[in-house]
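Shown next: data.cif, containing mmCIF, C-alpha atoms and all ligand atoms.
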```cif
data_protein
loop_
_atom_site.label_atom_id
_atom_site.label_comp_id
_atom_site.auth_asym_id
_atom_site.auth_seq_id
_atom_site.Cartn_x
_atom_site.Cartn_y
_atom_site.Cartn_z
CA MET S 1 -212.59 81.12 -99.60
CA ALA S 2 -211.88 84.40 -101.39
CA GLU S 3 -213.27 84.60 -104.90
CA ILE S 4 -211.55 86.55 -107.64
CA SER S 5 -213.71 89.51 -108.66
CA GLN S 6 -213.83 91.72 -111.70
CA ASP S 7 -212.01 94.54 -109.84
CA ILE S 8 -208.83 92.52 -110.17
CA LEU S 9 -208.68 93.30 -113.90
CA LYS S 10 -208.77 97.07 -113.31
CA ASN S 11 -206.19 96.74 -110.57
CA VAL S 12 -203.73 94.64 -112.53
CA ILE S 13 -204.10 95.75 -116.17
CA LYS S 14 -202.39 99.10 -116.63
CA GLU S 15 -203.02 101.71 -119.26
CA ARG S 16 -199.84 101.91 -121.36
CA PRO S 17 -197.78 105.08 -121.19
CA SER S 18 -196.82 106.69 -124.48
CA ALA S 19 -193.13 106.59 -123.62
CA SER S 20 -192.73 102.84 -123.71
CA HIS S 21 -191.49 100.15 -126.06
CA LYS S 22 -191.67 96.38 -126.57
CA GLY S 23 -188.84 95.84 -124.09
CA ASP S 24 -191.10 97.21 -121.34
CA TYR S 25 -193.75 94.53 -121.79
CA GLY S 26 -191.78 91.36 -121.31
CA LYS S 27 -189.44 89.21 -123.33
CA LEU S 28 -190.99 85.77 -123.38
CA LEU S 29 -189.65 82.42 -124.47
CA LEU S 30 -192.12 79.61 -124.99
CA ILE S 31 -190.71 76.08 -125.17
CA GLY S 32 -192.90 73.25 -126.42
CA GLY S 33 -194.60 71.78 -129.46
CA SER S 34 -193.26 68.35 -130.40
CA SER S 35 -193.88 66.84 -133.83
CA HIS S 36 -197.30 65.67 -132.53
CA TYR S 37 -198.38 68.74 -130.58
CA GLY S 38 -197.60 71.75 -132.77
CA GLY S 39 -201.03 73.20 -132.05
CA ALA S 40 -200.32 73.46 -128.33
CA ILE S 41 -197.35 75.79 -128.75
CA ILE S 42 -199.22 77.89 -131.32
CA MET S 43 -202.19 78.32 -128.99
CA ALA S 44 -199.86 79.27 -126.12
CA THR S 45 -198.12 81.76 -128.42
CA GLU S 46 -201.47 83.32 -129.29
CA GLY S 47 -202.34 83.61 -125.60
CA ALA S 48 -199.05 85.41 -124.98
CA LEU S 49 -199.31 87.74 -127.98
CA ASN S 50 -202.95 88.65 -127.45
CA SER S 51 -202.43 89.35 -123.75
CA GLY S 52 -199.76 91.91 -124.62
CA ALA S 53 -196.33 90.28 -124.40
CA GLY S 54 -193.68 92.66 -125.78
CA LEU S 55 -191.50 90.08 -127.51
CA VAL S 56 -192.26 86.43 -128.05
CA CYS S 57 -189.71 83.77 -128.99
CA VAL S 58 -190.73 80.17 -129.56
CA ALA S 59 -188.44 77.17 -129.25
CA THR S 60 -190.18 74.24 -130.89
CA HIS S 61 -189.78 71.32 -133.28
CA ASN S 62 -188.80 72.66 -136.69
CA LEU S 63 -191.87 70.99 -138.22
CA ASN S 64 -193.99 73.68 -136.56
CA VAL S 65 -192.35 76.78 -137.92
CA THR S 66 -194.44 77.24 -141.07
CA ALA S 67 -197.72 76.82 -139.22
CA LEU S 68 -196.51 79.10 -136.42
CA HIS S 69 -195.42 81.85 -138.77
CA SER S 70 -198.47 81.63 -140.96
CA ARG S 71 -200.64 82.27 -137.89
CA ASP S 72 -198.32 84.44 -135.84
CA PRO S 73 -195.55 86.22 -137.71
CA GLU S 74 -194.92 88.30 -134.56
CA ALA S 75 -193.23 85.31 -132.93
CA MET S 76 -189.54 84.54 -133.39
CA PHE S 77 -188.54 80.92 -133.92
CA LEU S 78 -185.73 78.74 -132.64
CA ASP S 79 -185.32 75.07 -133.57
CA TRP S 80 -185.40 73.36 -130.18
CA ARG S 81 -182.54 71.04 -131.19
CA ASP S 82 -180.26 74.09 -131.29
CA GLU S 83 -178.80 73.66 -127.80
CA ALA S 84 -176.30 76.49 -128.11
CA GLY S 85 -179.05 78.82 -129.35
CA LEU S 86 -181.33 77.87 -126.47
CA LYS S 87 -178.57 78.38 -123.90
CA GLN S 88 -177.85 81.80 -125.36
CA LEU S 89 -181.49 82.85 -125.58
CA ILE S 90 -182.75 81.82 -122.14
CA PRO S 91 -180.71 84.35 -120.10
CA GLN S 92 -182.01 87.21 -122.28
CA MET S 93 -185.65 86.51 -121.37
CA ASN S 94 -187.85 87.81 -118.55
CA VAL S 95 -190.27 84.88 -118.60
CA ILE S 96 -189.88 81.32 -119.84
CA ILE S 97 -193.03 79.25 -120.32
CA CYS S 98 -192.31 75.58 -120.86
CA GLY S 99 -194.33 72.44 -121.45
CA MET S 100 -197.24 73.05 -123.83
CA GLY S 101 -197.13 70.11 -126.22
CA LEU S 102 -193.53 69.49 -125.17
CA GLY S 103 -194.11 65.73 -125.10
CA VAL S 104 -192.12 63.27 -123.05
CA GLU S 105 -189.46 62.29 -125.55
CA GLN S 106 -185.67 62.53 -125.27
CA GLN S 107 -185.66 66.00 -126.86
CA SER S 108 -188.38 67.16 -124.44
CA ILE S 109 -186.21 66.11 -121.49
CA LYS S 110 -183.18 67.82 -123.05
CA CYS S 111 -185.10 71.11 -123.30
CA LEU S 112 -186.06 70.93 -119.62
CA GLU S 113 -182.47 70.12 -118.65
CA ILE S 114 -181.19 73.14 -120.58
CA LEU S 115 -183.82 75.35 -118.93
CA ARG S 116 -182.88 74.04 -115.48
CA ASP S 117 -179.18 74.62 -116.09
CA THR S 118 -179.46 78.04 -117.74
CA VAL S 119 -182.27 79.89 -115.98
CA GLN S 120 -181.28 82.74 -113.69
CA GLU S 121 -182.57 83.95 -110.36
CA ASN S 122 -184.39 87.05 -111.62
CA GLN S 123 -186.36 85.18 -114.27
CA THR S 124 -189.88 83.84 -113.95
CA VAL S 125 -190.56 80.28 -115.06
CA VAL S 126 -194.03 79.01 -115.91
CA LEU S 127 -194.32 75.22 -116.17
CA ASP S 128 -197.31 73.54 -117.80
CA ALA S 129 -198.46 70.22 -119.25
CA SER S 130 -195.67 67.84 -120.32
CA ALA S 131 -193.04 69.75 -118.32
CA LEU S 132 -195.01 68.84 -115.19
CA THR S 133 -195.48 65.25 -116.31
CA LEU S 134 -191.72 64.93 -116.81
CA ILE S 135 -190.95 66.58 -113.47
CA ALA S 136 -193.40 64.20 -111.76
CA LYS S 137 -191.13 61.37 -112.91
CA ASP S 138 -187.85 63.15 -112.19
CA LYS S 139 -187.75 65.97 -109.65
CA THR S 140 -184.16 66.83 -110.56
CA LEU S 141 -185.63 68.54 -113.65
CA ILE S 142 -187.14 71.35 -111.53
CA PRO S 143 -185.50 74.67 -112.51
CA ARG S 144 -184.48 75.65 -109.00
CA ASN S 145 -182.47 78.77 -109.82
CA ALA S 146 -185.54 80.81 -110.73
CA LYS S 147 -186.86 82.62 -107.68
CA LYS S 148 -190.38 82.82 -109.06
CA ILE S 149 -191.97 79.70 -110.43
CA VAL S 150 -195.56 79.24 -111.57
CA ILE S 151 -196.98 75.79 -112.20
CA THR S 152 -200.25 75.37 -114.09
CA PRO S 153 -201.39 71.73 -113.84
CA HIS S 154 -204.90 70.45 -114.37
CA GLN S 155 -206.08 68.14 -111.58
CA MET S 156 -204.63 65.00 -113.18
CA GLU S 157 -201.24 66.62 -113.77
CA TRP S 158 -201.26 67.83 -110.16
CA GLU S 159 -202.11 64.29 -109.01
CA ARG S 160 -199.04 63.00 -110.87
CA LEU S 161 -196.79 65.70 -109.47
CA SER S 162 -198.04 65.88 -105.90
CA GLN S 163 -199.20 62.27 -105.48
CA ILE S 164 -202.49 63.64 -104.14
CA ARG S 165 -205.51 61.95 -105.70
CA ILE S 166 -207.98 64.42 -107.24
CA ASN S 167 -210.61 63.97 -104.52
CA TYR S 168 -208.03 64.67 -101.82
CA GLN S 169 -206.61 67.88 -103.31
CA THR S 170 -207.54 70.09 -100.35
CA ASP S 171 -205.89 73.45 -99.75
CA ALA S 172 -203.90 72.12 -96.79
CA ALA S 173 -202.66 69.11 -98.77
CA ASN S 174 -201.82 71.29 -101.77
CA PHE S 175 -199.77 73.74 -99.71
CA GLU S 176 -197.89 70.87 -98.08
CA ALA S 177 -197.09 69.42 -101.50
CA LEU S 178 -195.92 72.83 -102.74
CA ASP S 179 -193.58 73.14 -99.74
CA ASN S 180 -192.15 69.70 -100.45
CA LEU S 181 -191.69 70.31 -104.17
CA PHE S 182 -190.35 73.88 -103.92
CA PRO S 183 -188.73 74.27 -100.50
CA LYS S 184 -186.66 77.35 -101.32
CA GLN S 185 -188.63 78.93 -104.14
CA ASN S 186 -191.54 81.32 -104.27
CA ALA S 187 -193.95 79.01 -106.04
CA TYR S 188 -197.45 79.66 -107.29
CA LEU S 189 -199.87 76.88 -108.17
CA VAL S 190 -202.64 77.46 -110.70
CA LEU S 191 -204.70 74.32 -110.20
CA LYS S 192 -207.02 74.11 -113.19
CA SER S 193 -210.53 72.69 -113.06
CA ASN S 194 -214.03 74.04 -113.60
CA HIS S 195 -213.25 76.17 -110.51
CA THR S 196 -209.55 76.95 -110.92
CA LYS S 197 -207.69 77.91 -107.74
CA VAL S 198 -204.54 80.01 -107.49
CA TYR S 199 -202.21 79.33 -104.56
CA ASP S 200 -199.43 81.55 -103.25
CA GLN S 201 -196.98 79.30 -101.44
CA MET S 202 -195.15 82.08 -99.59
CA ASP S 203 -198.19 83.91 -98.18
CA HIS S 204 -200.41 80.83 -97.90
CA GLN S 205 -203.21 82.57 -99.76
CA VAL S 206 -205.72 80.97 -102.14
CA LEU S 207 -208.10 82.60 -104.59
CA VAL S 208 -210.82 80.78 -106.48
CA ASN S 209 -212.03 81.65 -109.97
CA PRO S 210 -215.83 81.99 -110.13
CA LEU S 211 -216.00 82.17 -113.95
CA GLY S 212 -215.61 79.67 -116.77
CA ASN S 213 -217.95 77.22 -118.49
CA PRO S 214 -218.06 73.73 -119.99
CA GLY S 215 -217.73 75.16 -123.51
CA MET S 216 -214.12 75.68 -122.48
CA ALA S 217 -213.53 71.93 -122.17
CA THR S 218 -211.62 71.97 -125.46
CA GLY S 219 -208.02 70.83 -126.09
CA GLY S 220 -205.69 73.83 -126.11
CA MET S 221 -207.61 75.85 -123.54
CA GLY S 222 -204.91 75.34 -120.91
CA ASP S 223 -202.12 75.98 -123.43
CA THR S 224 -203.78 79.33 -124.12
CA LEU S 225 -203.93 80.12 -120.39
CA ALA S 226 -200.23 79.33 -120.00
CA GLY S 227 -199.50 81.90 -122.71
CA ILE S 228 -201.72 84.49 -121.03
CA ILE S 229 -200.03 83.88 -117.67
CA GLY S 230 -196.67 84.37 -119.37
CA GLY S 231 -197.94 87.55 -121.01
CA PHE S 232 -199.15 88.95 -117.68
CA CYS S 233 -195.94 87.98 -115.84
CA GLY S 234 -193.94 89.85 -118.50
CA GLN S 235 -195.98 93.04 -118.11
CA PHE S 236 -197.11 93.20 -114.50
CA SER S 237 -195.58 92.27 -111.12
CA VAL S 238 -195.35 88.54 -110.66
CA ASN S 239 -197.67 87.94 -107.72
CA LEU S 240 -200.94 86.28 -106.73
CA GLN S 241 -203.07 89.18 -107.99
CA THR S 242 -201.49 89.12 -111.44
CA LEU S 243 -201.92 85.36 -111.79
CA ALA S 244 -205.51 85.53 -110.57
CA ALA S 245 -206.20 88.32 -113.08
CA ALA S 246 -204.84 86.17 -115.93
CA VAL S 247 -207.03 83.23 -114.85
CA TYR S 248 -210.07 85.49 -114.50
CA LEU S 249 -209.57 87.18 -117.88
CA HIS S 250 -209.20 83.79 -119.63
CA SER S 251 -212.51 82.60 -118.17
CA LEU S 252 -214.24 85.92 -118.74
CA ALA S 253 -213.35 85.75 -122.43
CA GLY S 254 -214.58 82.15 -122.46
CA ASP S 255 -217.87 83.21 -120.87
CA VAL S 256 -218.40 86.02 -123.37
CA ILE S 257 -218.05 83.53 -126.25
CA PHE S 258 -220.15 80.87 -124.48
CA GLU S 259 -223.11 83.26 -124.24
CA GLU S 260 -223.74 82.73 -127.94
CA ASN S 261 -221.76 79.59 -128.77
CA TYR S 262 -221.95 75.95 -127.71
CA VAL S 263 -218.15 75.54 -127.67
CA VAL S 264 -215.34 77.98 -127.04
CA ARG S 265 -212.37 77.58 -129.36
CA PRO S 266 -209.10 78.57 -127.67
CA THR S 267 -207.98 80.61 -130.68
CA LYS S 268 -211.25 82.57 -130.61
CA LEU S 269 -210.78 83.20 -126.90
CA SER S 270 -207.29 84.58 -127.54
CA ALA S 271 -208.59 86.84 -130.27
CA LEU S 272 -210.97 88.48 -127.80
CA LEU S 273 -208.30 89.38 -125.24
CA PRO S 274 -206.98 92.69 -126.65
CA LYS S 275 -210.48 94.18 -126.63
CA LEU S 276 -211.22 93.04 -123.07
CA MET S 277 -207.84 94.26 -121.82
CA LYS S 278 -208.41 97.65 -123.40
CA LYS S 279 -211.73 97.95 -121.60
CA TYR S 280 -210.28 97.11 -118.20
CA SER S 281 -207.12 99.20 -118.62
CA GLU S 282 -209.02 102.43 -118.97
CA GLY S 283 -209.54 104.87 -116.16
CA LYS S 284 -208.14 103.87 -112.82
CA ASN S 285 -204.51 103.14 -113.51
CA LYS S 286 -203.24 105.90 -115.73
CA ASN S 287 -199.42 105.95 -115.77
N1 LIG S 301 -203.45 70.73 -130.13
C1 LIG S 301 -202.47 70.25 -129.38
O1 LIG S 301 -201.34 70.11 -129.83
C2 LIG S 301 -202.76 69.91 -127.96
C3 LIG S 301 -201.73 69.34 -127.22
N2 LIG S 301 -201.87 69.06 -125.91
C4 LIG S 301 -200.67 68.54 -125.21
O2 LIG S 301 -200.84 67.17 -125.00
C5 LIG S 301 -199.99 66.76 -123.94
C6 LIG S 301 -200.79 65.89 -122.98
O3 LIG S 301 -201.70 66.69 -122.22
P1 LIG S 301 -203.18 66.24 -121.81
O4 LIG S 301 -203.68 67.23 -120.83
O5 LIG S 301 -204.02 65.99 -123.01
O6 LIG S 301 -203.03 64.78 -121.24
P2 LIG S 301 -202.91 64.19 -119.77
O7 LIG S 301 -202.85 62.74 -119.95
O8 LIG S 301 -201.79 64.84 -119.06
O9 LIG S 301 -204.24 64.57 -119.02
C7 LIG S 301 -205.51 64.52 -119.62
C8 LIG S 301 -206.47 63.64 -118.85
O10 LIG S 301 -206.52 64.02 -117.47
C9 LIG S 301 -207.83 63.80 -116.98
N3 LIG S 301 -208.29 64.92 -116.14
C10 LIG S 301 -208.77 64.82 -114.88
N4 LIG S 301 -209.11 66.02 -114.39
C11 LIG S 301 -208.86 66.91 -115.36
C12 LIG S 301 -209.05 68.30 -115.44
N5 LIG S 301 -209.54 69.04 -114.43
N6 LIG S 301 -208.68 68.92 -116.58
C13 LIG S 301 -208.16 68.21 -117.62
N7 LIG S 301 -207.98 66.87 -117.60
C14 LIG S 301 -208.33 66.21 -116.47
C15 LIG S 301 -208.73 63.59 -118.18
O11 LIG S 301 -209.11 62.23 -118.16
C16 LIG S 301 -207.88 63.86 -119.38
O12 LIG S 301 -208.14 62.99 -120.44
C17 LIG S 301 -199.46 68.04 -123.29
O13 LIG S 301 -198.16 68.33 -123.73
C18 LIG S 301 -200.40 69.09 -123.82
O14 LIG S 301 -199.83 70.38 -123.85
C19 LIG S 301 -203.09 69.38 -125.17
O15 LIG S 301 -202.83 70.63 -124.57
C20 LIG S 301 -204.29 69.42 -126.06
C21 LIG S 301 -204.08 70.20 -127.35
N1 LIG S 302 -216.07 72.74 -117.41
C1 LIG S 302 -215.20 73.76 -117.33
N2 LIG S 302 -215.55 74.88 -116.66
C2 LIG S 302 -214.70 75.90 -116.55
N3 LIG S 302 -213.43 75.91 -117.08
C3 LIG S 302 -213.03 74.83 -117.75
C4 LIG S 302 -213.87 73.70 -117.91
N4 LIG S 302 -213.20 72.76 -118.62
C5 LIG S 302 -211.99 73.28 -118.89
N5 LIG S 302 -211.87 74.52 -118.36
C6 LIG S 302 -210.67 75.38 -118.38
O1 LIG S 302 -209.92 75.09 -119.56
C7 LIG S 302 -208.53 74.92 -119.26
C8 LIG S 302 -208.11 73.47 -119.56
O2 LIG S 302 -206.75 73.31 -119.31
P1 LIG S 302 -205.96 71.99 -119.78
O3 LIG S 302 -206.70 70.80 -119.31
O4 LIG S 302 -204.56 72.16 -119.41
O5 LIG S 302 -206.15 72.10 -121.39
P2 LIG S 302 -205.15 71.74 -122.59
O6 LIG S 302 -203.97 71.00 -122.01
O7 LIG S 302 -205.95 70.89 -123.51
O8 LIG S 302 -204.74 73.02 -123.22
C9 LIG S 302 -208.38 75.30 -117.79
O9 LIG S 302 -208.07 76.67 -117.67
C10 LIG S 302 -209.76 75.01 -117.21
O10 LIG S 302 -210.06 75.78 -116.07
MG MG S 303 -202.86 71.41 -120.41
#
```
As structure tokens, how would this structure be written, given the file I've shared?
Amino acid sequence: MAEISQDILKNVIKERPSASHKGDYGKLLLIGGSSHYGGAIIMATEGALNSGAGLVCVATHNLNVTALHSRDPEAMFLDWRDEAGLKQLIPQMNVIICGMGLGVEQQSIKCLEILRDTVQENQTVVLDASALTLIAKDKTLIPRNAKKIVITPHQMEWERLSQIRINYQTDAANFEALDNLFPKQNAYLVLKSNHTKVYDQMDHQVLVNPLGNPGMATGGMGDTLAGIIGGFCGQFSVNLQTLAAAVYLHSLAGDVIFEENYVVRPTKLSALLPKLMKKYSEGKNKN
């Protein structure tokens, strides 16, 4: 199986042209963060901001706004109970990332329903964590209008969604499940584990991530990745290479920290991203 290599970062991450503005680097909406899981949406927000997203809006429980803004004043806030606000905001976005700390309560379901009913064809949807747990129970919650959909389950979340037990999650079985779940969409599966794999449903290609370490087995690490994936989808073409680059960069940052630390805190990993992206943007891809 093809492994992701370091070249992917130089190929995907572009040096920014002078004549550009925040609107060129993706308008992102993150939806998640219940009263219990405020940290998840903050860590996803930091992944998005530190990987270069142009504009970041966060729809979350109102309890989270002070913590969010004290860490990340760059992010705009919407109370996720504001249905009219959410319906108005979603069509203005390039990428919607939903599920980090969303929970499985009535309000969590309502947010997914609004996303499903409001999302438009040209938008990219990234679904993580609780969004996938909810969809596993009720497939009618899948936002089918979006042409490009990225799902980022860990193995247990994928077991719930695909009904494939972890030991039986072979490439063939995973592609079959993707075809059943997303018959008319261009879906990508980022199946997270200690060797994360990225699947392209349309081209039947799979790439495996050779990096990462057990210091990364820390709550919030996947929330951070979801934010990075959103950040990359907002800036670069939404395709297998871009997703693989996001996965690789996340693990590379984790490995850099792990060299000198026993554990890798997701917020520390995020903080390292701008420096790494700068390094890999230089040279090859001048605009
Ligand atoms: N600080 C926070 O607010 C955090 C909130 N979180 C949120 O908590 C909710 C529940 O998500 P969880 O993932 O904790 O719970 P889940 O119950 O969905 O899955 C976690 C369990 O799956 C099993 N598992 C098997 N293979 C695995 C693999 N390769 N990687 C990870 N787990 C594997 C483990 O036993 C693990 O305890 C989500 O909404 C999530 O976003 C988590 O992201 C953790 C941090
Ligand atoms: N032992 C490990 N080796 C490599 N990567 C790991 C390891 N443990 C966790 N990770 C990475 O950390 C992330 C965990 O994602 P997830 O379980 O969704 O975390 P959370 O929901 O707590 O944010 C994934 O990207 C996974 O690949
Ligand atoms: Mg997760």
Return as a PDB file with C-alpha atoms, keeping the file's coordinate frame every polymer residue, whether protein, DNA or RNA, with at least one atom no more than 10 Å from an atom of ligand MG 303 (chain S); count all atoms listed in the file.
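Output file out23.pdb follows:
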```pdb
ATOM      1  CA  ALA S  40    -200.320  73.460-128.330  1.00  0.00           C
ATOM      2  CA  GLY S  99    -194.330  72.440-121.450  1.00  0.00           C
ATOM      3  CA  MET S 100    -197.240  73.050-123.830  1.00  0.00           C
ATOM      4  CA  GLY S 101    -197.130  70.110-126.220  1.00  0.00           C
ATOM      5  CA  ASP S 128    -197.310  73.540-117.800  1.00  0.00           C
ATOM      6  CA  ALA S 129    -198.460  70.220-119.250  1.00  0.00           C
ATOM      7  CA  SER S 130    -195.670  67.840-120.320  1.00  0.00           C
ATOM      8  CA  LEU S 132    -195.010  68.840-115.190  1.00  0.00           C
ATOM      9  CA  THR S 152    -200.250  75.370-114.090  1.00  0.00           C
ATOM     10  CA  PRO S 153    -201.390  71.730-113.840  1.00  0.00           C
ATOM     11  CA  HIS S 154    -204.900  70.450-114.370  1.00  0.00           C
ATOM     12  CA  GLN S 155    -206.080  68.140-111.580  1.00  0.00           C
ATOM     13  CA  MET S 156    -204.630  65.000-113.180  1.00  0.00           C
ATOM     14  CA  GLU S 157    -201.240  66.620-113.770  1.00  0.00           C
ATOM     15  CA  LYS S 192    -207.020  74.110-113.190  1.00  0.00           C
ATOM     16  CA  GLY S 219    -208.020  70.830-126.090  1.00  0.00           C
ATOM     17  CA  GLY S 220    -205.690  73.830-126.110  1.00  0.00           C
ATOM     18  CA  MET S 221    -207.610  75.850-123.540  1.00  0.00           C
ATOM     19  CA  GLY S 222    -204.910  75.340-120.910  1.00  0.00           C
ATOM     20  CA  ASP S 223    -202.120  75.980-123.430  1.00  0.00           C
ATOM     21  CA  THR S 224    -203.780  79.330-124.120  1.00  0.00           C
ATOM     22  CA  LEU S 225    -203.930  80.120-120.390  1.00  0.00           C
ATOM     23  CA  ALA S 226    -200.230  79.330-120.000  1.00  0.00           C
TER      24      ALA S 226
END
```
Residues at most 8 Å from region 63-75 of chain S, counting only C-alpha atoms, excluding those fewer than 4 positions away in the same chain, as a PDB file with C-alpha atoms, keeping the file's coordinate frame?
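As a result, result_26.pdb now contains:
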```pdb
ATOM      1  CA  GLY S  33    -194.600  71.780-129.460  1.00  0.00           C
ATOM      2  CA  SER S  35    -193.880  66.840-133.830  1.00  0.00           C
ATOM      3  CA  GLY S  38    -197.600  71.750-132.770  1.00  0.00           C
ATOM      4  CA  ILE S  42    -199.220  77.890-131.320  1.00  0.00           C
ATOM      5  CA  THR S  45    -198.120  81.760-128.420  1.00  0.00           C
ATOM      6  CA  GLU S  46    -201.470  83.320-129.290  1.00  0.00           C
ATOM      7  CA  LEU S  49    -199.310  87.740-127.980  1.00  0.00           C
ATOM      8  CA  LEU S  55    -191.500  90.080-127.510  1.00  0.00           C
ATOM      9  CA  VAL S  56    -192.260  86.430-128.050  1.00  0.00           C
ATOM     10  CA  CYS S  57    -189.710  83.770-128.990  1.00  0.00           C
ATOM     11  CA  VAL S  58    -190.730  80.170-129.560  1.00  0.00           C
TER      12      VAL S  58
END
```
Draw an axis-aligned box over all listed atoms of ligand LIG 302 (chain S), pad each side with 8 Å, and write its centre and edge lengths in Å, one decimal, as lines of an AutoDock Vina configuration file.
```
center_x = -210.0
center_y = 73.7
center_z = -119.8
size_x = 28.1
size_y = 21.9
size_z = 23.4
```
Exercise for the section: Just give me the gap between CA of Arg16 (chain S) and CA of Gly52 (chain S) in Å, one decimal is fine. Expected result: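 Taking CA of Arg16 (chain S) and CA of Gly52 (chain S), their separation equals 10.5 Å.
Contact shell of Met93 (chain S) at 8 Å (all atoms listed in the file; same-chain neighbours under 6 positions omitted): Gly26, Lys27, Leu28, Leu29 and Gln123 of chain S.
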Problem - Separation of CA of Ala246 (chain S) from CA of Asn209 (chain S), in Å and rounded to one decimal - result: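 Computing the Euclidean distance for CA of Ala246 (chain S) and CA of Asn209 (chain S) yields 10.4 Å.
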Problem - Selected residue of minimal separation from ligand LIG 302 (chain S) among S:Lys197, S:Lys275, S:Lys14, S:Lys268, counting all atoms listed in the file - result: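 Of the candidates, the smallest distance to ligand LIG 302 (chain S) is held by S:Lys197.
The smallest atom-to-atom distance between Pro17 (chain S) and any of S:Leu78, S:Met216, S:Ser281, S:Leu269, using only C-alpha atoms, is found for S:Ser281.
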Exercise for the section: Considering all atoms listed in the file, state which residue in the set S:Ala217, S:Met76, S:Ala172, S:Ala245 is at the smallest distance from ligand LIG 302 (chain S). Expected result: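 Nearest candidate to ligand LIG 302 (chain S) out of S:Ala217, S:Met76, S:Ala172, S:Ala245: S:Ala217.
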Problem - Non-local contacts of Cys111 (chain S) (12 Å; only C-alpha atoms; under 5 positions in same chain excluded) as an MDAnalysis selection string - result: chainID S and resid 30:34 59:61 79:87 90 96:99 102:106 116:119 130:131 134 141:143
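Comparing the minimum interatomic distances between Asp200 (chain S) and each of S:Lys148, S:Lys22, S:Arg265, S:Lys137, counting only C-alpha atoms, we find that S:Lys148 sits nearest.
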Problem - Top pick for closest residue to ligand LIG 302 (chain S), considering S:Asp255, S:Glu282, S:Asp171, S:Glu15 and counting only C-alpha atoms and all ligand atoms - result: S:Asp255
Problem - Straight-line distance linking CA of Tyr37 (chain S) with CA of Ala271 (chain S), stated in Å to one decimal - result: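 About the pair CA of Tyr37 (chain S) and CA of Ala271 (chain S): they are 20.8 Å apart.
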Exercise for the section: Could you check which of S:Pro214, S:Gly254, S:Pro183, S:Gly23 is closest to ligand LIG 301 (chain S), using all atoms listed in the file? Expected result: S:Pro214
Contacts of Ala187 (chain S) at 6 Å or less, counting all atoms listed in the file, minus same-chain residues fewer than 4 places along, as a PDB file with C-alpha atoms, keeping the file's coordinate frame?
```
ATOM      1  CA  ILE S 149    -191.970  79.700-110.430  1.00  0.00           C
ATOM      2  CA  VAL S 150    -195.560  79.240-111.570  1.00  0.00           C
ATOM      3  CA  GLN S 201    -196.980  79.300-101.440  1.00  0.00           C
TER       4      GLN S 201
END
```
